[in-house]
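Asks: Below you will find the structure I want to go over with you.
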Amino acid sequence: MDLKLELIVLPVSDVDRAKAFYEAMGFRLDLDKAASEEWRAVHFTPPGSECSVIFGKGLTSVPPGSAQGMYLVVDDIEKSRAELVDRGIEVSEVFHDANAVFYHGHGGGDFTHDPAQGQGRLPGLHPDRMSYGSFATFSDPDGNGWVLQEVRQRLPGR
């Protein structure tokens, strides 16, 4: 059985502001449809991705900004970060997570699951430029949190 993640619902407070943000990110606009004053769906796909995001009015009851930890995988994090900054997106500096290949931070990285285990933000690229080891974070205008992760060589089976 194949199970493919296709769509993530993002909770937003201002549909047009969110639409402008994801357009600035370079996401492809797939749909902007309003069926009524109470319902509108805006669908975007990141470049090169098979998974899309959708947001709008009347799509979800969760609070705006509550989607966290969504990963965008890039092959060159420095280049990707620079391009996003050039597009007007506020992106953290590149960092790596001590003793880990998965960033454990939440809400901008001020909290880690277990600081005693050495998990936390350390500045710069992973010292060995290890795949899955370098990160940068940003949020959309509502605070939905994204993580850029550099993957230069995928793990087997991916």
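Naming scheme: A, B, ... for chains in displayed order of the structure tokens; residues 1 onward per chain; ligands 1 onward as shown.
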Write out as a VMD selection string which residues come within 7 Å of A:Ile8 when counting only C-alpha atoms, dropping same-chain ones fewer than 6 positions away.
Replies: chain A and resid 52 to 54
Asks: Create the file for the chosen residues now, containing N, CA, C and O atoms and written as a short mmCIF file (atom, residue, chain, number, x, y, z; two decimals), in the first residue's frame.
Replies:
```cif
data_model
loop_
_atom_site.label_atom_id
_atom_site.label_comp_id
_atom_site.auth_asym_id
_atom_site.auth_seq_id
_atom_site.Cartn_x
_atom_site.Cartn_y
_atom_site.Cartn_z
N SER A 52 1.26 19.70 -1.03
CA SER A 52 0.81 21.08 -1.14
C SER A 52 0.27 21.57 0.20
O SER A 52 0.11 20.80 1.14
N VAL A 53 -0.01 22.87 0.25
CA VAL A 53 -0.67 23.47 1.40
C VAL A 53 -1.97 24.10 0.93
O VAL A 53 -2.08 24.52 -0.23
N ILE A 54 -2.93 24.14 1.83
CA ILE A 54 -4.20 24.80 1.54
C ILE A 54 -4.59 25.61 2.76
O ILE A 54 -4.33 25.20 3.90
#
```
Asks: I'd like the contact shell of A:Arg28 - 9 Å cut-off, only C-alpha atoms, skipping same-chain residues fewer than 2 positions apart - returned as a list in words.
Replies: Tyr22, Glu23, Gly26, Asp30, His43, Phe44, Thr45, Pro46 and Pro47 of chain A
Asks: Would you list the contacts of stretch 76-82 of chain A as an MDAnalysis selection string, taking every protein, DNA or RNA residue within 10 Å and counting only C-alpha atoms, but skipping same-chain residues closer than 5 positions in sequence?
Replies: chainID A and resid 87:95 124:125 134:138 148:152
Asks: Go ahead and write the residues just picked, N, CA, C and O atoms, as a PDB file, in the first residue's frame.
Replies:
```
ATOM      1  N   ARG A  87      13.657  37.412  -1.275  1.00  0.00           N
ATOM      2  CA  ARG A  87      12.230  37.513  -1.569  1.00  0.00           C
ATOM      3  C   ARG A  87      11.459  38.228  -0.453  1.00  0.00           C
ATOM      4  O   ARG A  87      10.248  38.325  -0.495  1.00  0.00           O
ATOM      5  N   GLY A  88      12.176  38.667   0.585  1.00  0.00           N
ATOM      6  CA  GLY A  88      11.555  39.394   1.671  1.00  0.00           C
ATOM      7  C   GLY A  88      11.081  38.540   2.835  1.00  0.00           C
ATOM      8  O   GLY A  88      10.363  39.013   3.715  1.00  0.00           O
ATOM      9  N   ILE A  89      11.502  37.273   2.879  1.00  0.00           N
ATOM     10  CA  ILE A  89      11.102  36.368   3.953  1.00  0.00           C
ATOM     11  C   ILE A  89      12.134  36.475   5.082  1.00  0.00           C
ATOM     12  O   ILE A  89      13.337  36.423   4.834  1.00  0.00           O
ATOM     13  N   GLU A  90      11.668  36.607   6.323  1.00  0.00           N
ATOM     14  CA  GLU A  90      12.569  36.634   7.479  1.00  0.00           C
ATOM     15  C   GLU A  90      12.912  35.201   7.864  1.00  0.00           C
ATOM     16  O   GLU A  90      12.047  34.454   8.326  1.00  0.00           O
ATOM     17  N   VAL A  91      14.160  34.827   7.644  1.00  0.00           N
ATOM     18  CA  VAL A  91      14.627  33.463   7.903  1.00  0.00           C
ATOM     19  C   VAL A  91      15.749  33.525   8.936  1.00  0.00           C
ATOM     20  O   VAL A  91      16.619  34.401   8.869  1.00  0.00           O
ATOM     21  N   SER A  92      15.743  32.593   9.883  1.00  0.00           N
ATOM     22  CA  SER A  92      16.818  32.538  10.871  1.00  0.00           C
ATOM     23  C   SER A  92      18.150  32.309  10.180  1.00  0.00           C
ATOM     24  O   SER A  92      18.207  31.914   9.008  1.00  0.00           O
ATOM     25  N   GLU A  93      19.212  32.520  10.927  1.00  0.00           N
ATOM     26  CA  GLU A  93      20.526  32.129  10.437  1.00  0.00           C
ATOM     27  C   GLU A  93      20.557  30.596  10.369  1.00  0.00           C
ATOM     28  O   GLU A  93      19.798  29.913  11.050  1.00  0.00           O
ATOM     29  N   VAL A  94      21.453  30.064   9.560  1.00  0.00           N
ATOM     30  CA  VAL A  94      21.626  28.616   9.470  1.00  0.00           C
ATOM     31  C   VAL A  94      22.202  28.117  10.790  1.00  0.00           C
ATOM     32  O   VAL A  94      23.053  28.767  11.405  1.00  0.00           O
ATOM     33  N   PHE A  95      21.722  26.960  11.241  1.00  0.00           N
ATOM     34  CA  PHE A  95      22.207  26.357  12.477  1.00  0.00           C
ATOM     35  C   PHE A  95      22.179  24.849  12.342  1.00  0.00           C
ATOM     36  O   PHE A  95      21.630  24.301  11.387  1.00  0.00           O
ATOM     37  N   GLY A 124      25.634  28.001  12.546  1.00  0.00           N
ATOM     38  CA  GLY A 124      26.323  27.555  11.345  1.00  0.00           C
ATOM     39  C   GLY A 124      25.885  26.196  10.842  1.00  0.00           C
ATOM     40  O   GLY A 124      25.058  25.512  11.443  1.00  0.00           O
ATOM     41  N   LEU A 125      26.469  25.833   9.709  1.00  0.00           N
ATOM     42  CA  LEU A 125      26.226  24.533   9.097  1.00  0.00           C
ATOM     43  C   LEU A 125      26.692  23.416  10.015  1.00  0.00           C
ATOM     44  O   LEU A 125      27.583  23.618  10.849  1.00  0.00           O
ATOM     45  N   SER A 134      21.653  20.419   8.848  1.00  0.00           N
ATOM     46  CA  SER A 134      21.670  21.890   8.897  1.00  0.00           C
ATOM     47  C   SER A 134      20.266  22.420   8.662  1.00  0.00           C
ATOM     48  O   SER A 134      19.520  21.895   7.827  1.00  0.00           O
ATOM     49  N   PHE A 135      19.933  23.497   9.391  1.00  0.00           N
ATOM     50  CA  PHE A 135      18.561  23.994   9.421  1.00  0.00           C
ATOM     51  C   PHE A 135      18.506  25.516   9.398  1.00  0.00           C
ATOM     52  O   PHE A 135      19.477  26.187   9.739  1.00  0.00           O
ATOM     53  N   ALA A 136      17.339  26.029   9.057  1.00  0.00           N
ATOM     54  CA  ALA A 136      16.970  27.432   9.243  1.00  0.00           C
ATOM     55  C   ALA A 136      15.456  27.434   9.445  1.00  0.00           C
ATOM     56  O   ALA A 136      14.760  26.526   8.963  1.00  0.00           O
ATOM     57  N   THR A 137      14.948  28.401  10.171  1.00  0.00           N
ATOM     58  CA  THR A 137      13.517  28.440  10.453  1.00  0.00           C
ATOM     59  C   THR A 137      12.910  29.770  10.027  1.00  0.00           C
ATOM     60  O   THR A 137      13.599  30.788   9.941  1.00  0.00           O
ATOM     61  N   PHE A 138      11.622  29.733   9.773  1.00  0.00           N
ATOM     62  CA  PHE A 138      10.862  30.947   9.488  1.00  0.00           C
ATOM     63  C   PHE A 138       9.398  30.661   9.771  1.00  0.00           C
ATOM     64  O   PHE A 138       9.002  29.508   9.950  1.00  0.00           O
ATOM     65  N   LEU A 148      13.617  24.806   7.246  1.00  0.00           N
ATOM     66  CA  LEU A 148      14.399  24.382   6.084  1.00  0.00           C
ATOM     67  C   LEU A 148      15.402  23.355   6.591  1.00  0.00           C
ATOM     68  O   LEU A 148      16.040  23.564   7.633  1.00  0.00           O
ATOM     69  N   GLN A 149      15.549  22.261   5.874  1.00  0.00           N
ATOM     70  CA  GLN A 149      16.527  21.237   6.236  1.00  0.00           C
ATOM     71  C   GLN A 149      17.334  20.879   5.001  1.00  0.00           C
ATOM     72  O   GLN A 149      16.765  20.588   3.940  1.00  0.00           O
ATOM     73  N   GLU A 150      18.650  20.905   5.151  1.00  0.00           N
ATOM     74  CA  GLU A 150      19.518  20.558   4.033  1.00  0.00           C
ATOM     75  C   GLU A 150      19.688  19.045   3.952  1.00  0.00           C
ATOM     76  O   GLU A 150      20.081  18.398   4.928  1.00  0.00           O
ATOM     77  N   VAL A 151      19.369  18.501   2.776  1.00  0.00           N
ATOM     78  CA  VAL A 151      19.580  17.082   2.503  1.00  0.00           C
ATOM     79  C   VAL A 151      20.374  17.004   1.205  1.00  0.00           C
ATOM     80  O   VAL A 151      19.847  17.271   0.131  1.00  0.00           O
ATOM     81  N   ARG A 152      21.626  16.661   1.336  1.00  0.00           N
ATOM     82  CA  ARG A 152      22.518  16.565   0.176  1.00  0.00           C
ATOM     83  C   ARG A 152      22.539  15.155  -0.375  1.00  0.00           C
ATOM     84  O   ARG A 152      22.767  14.944  -1.552  1.00  0.00           O
TER      85      ARG A 152
END
```
Asks: Atom CA of A:Pro63 to atom CA of A:Asp14: how many Å, to one decimal?
Replies: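 Separation between atom CA of A:Pro63 and atom CA of A:Asp14: 12.1 Å.
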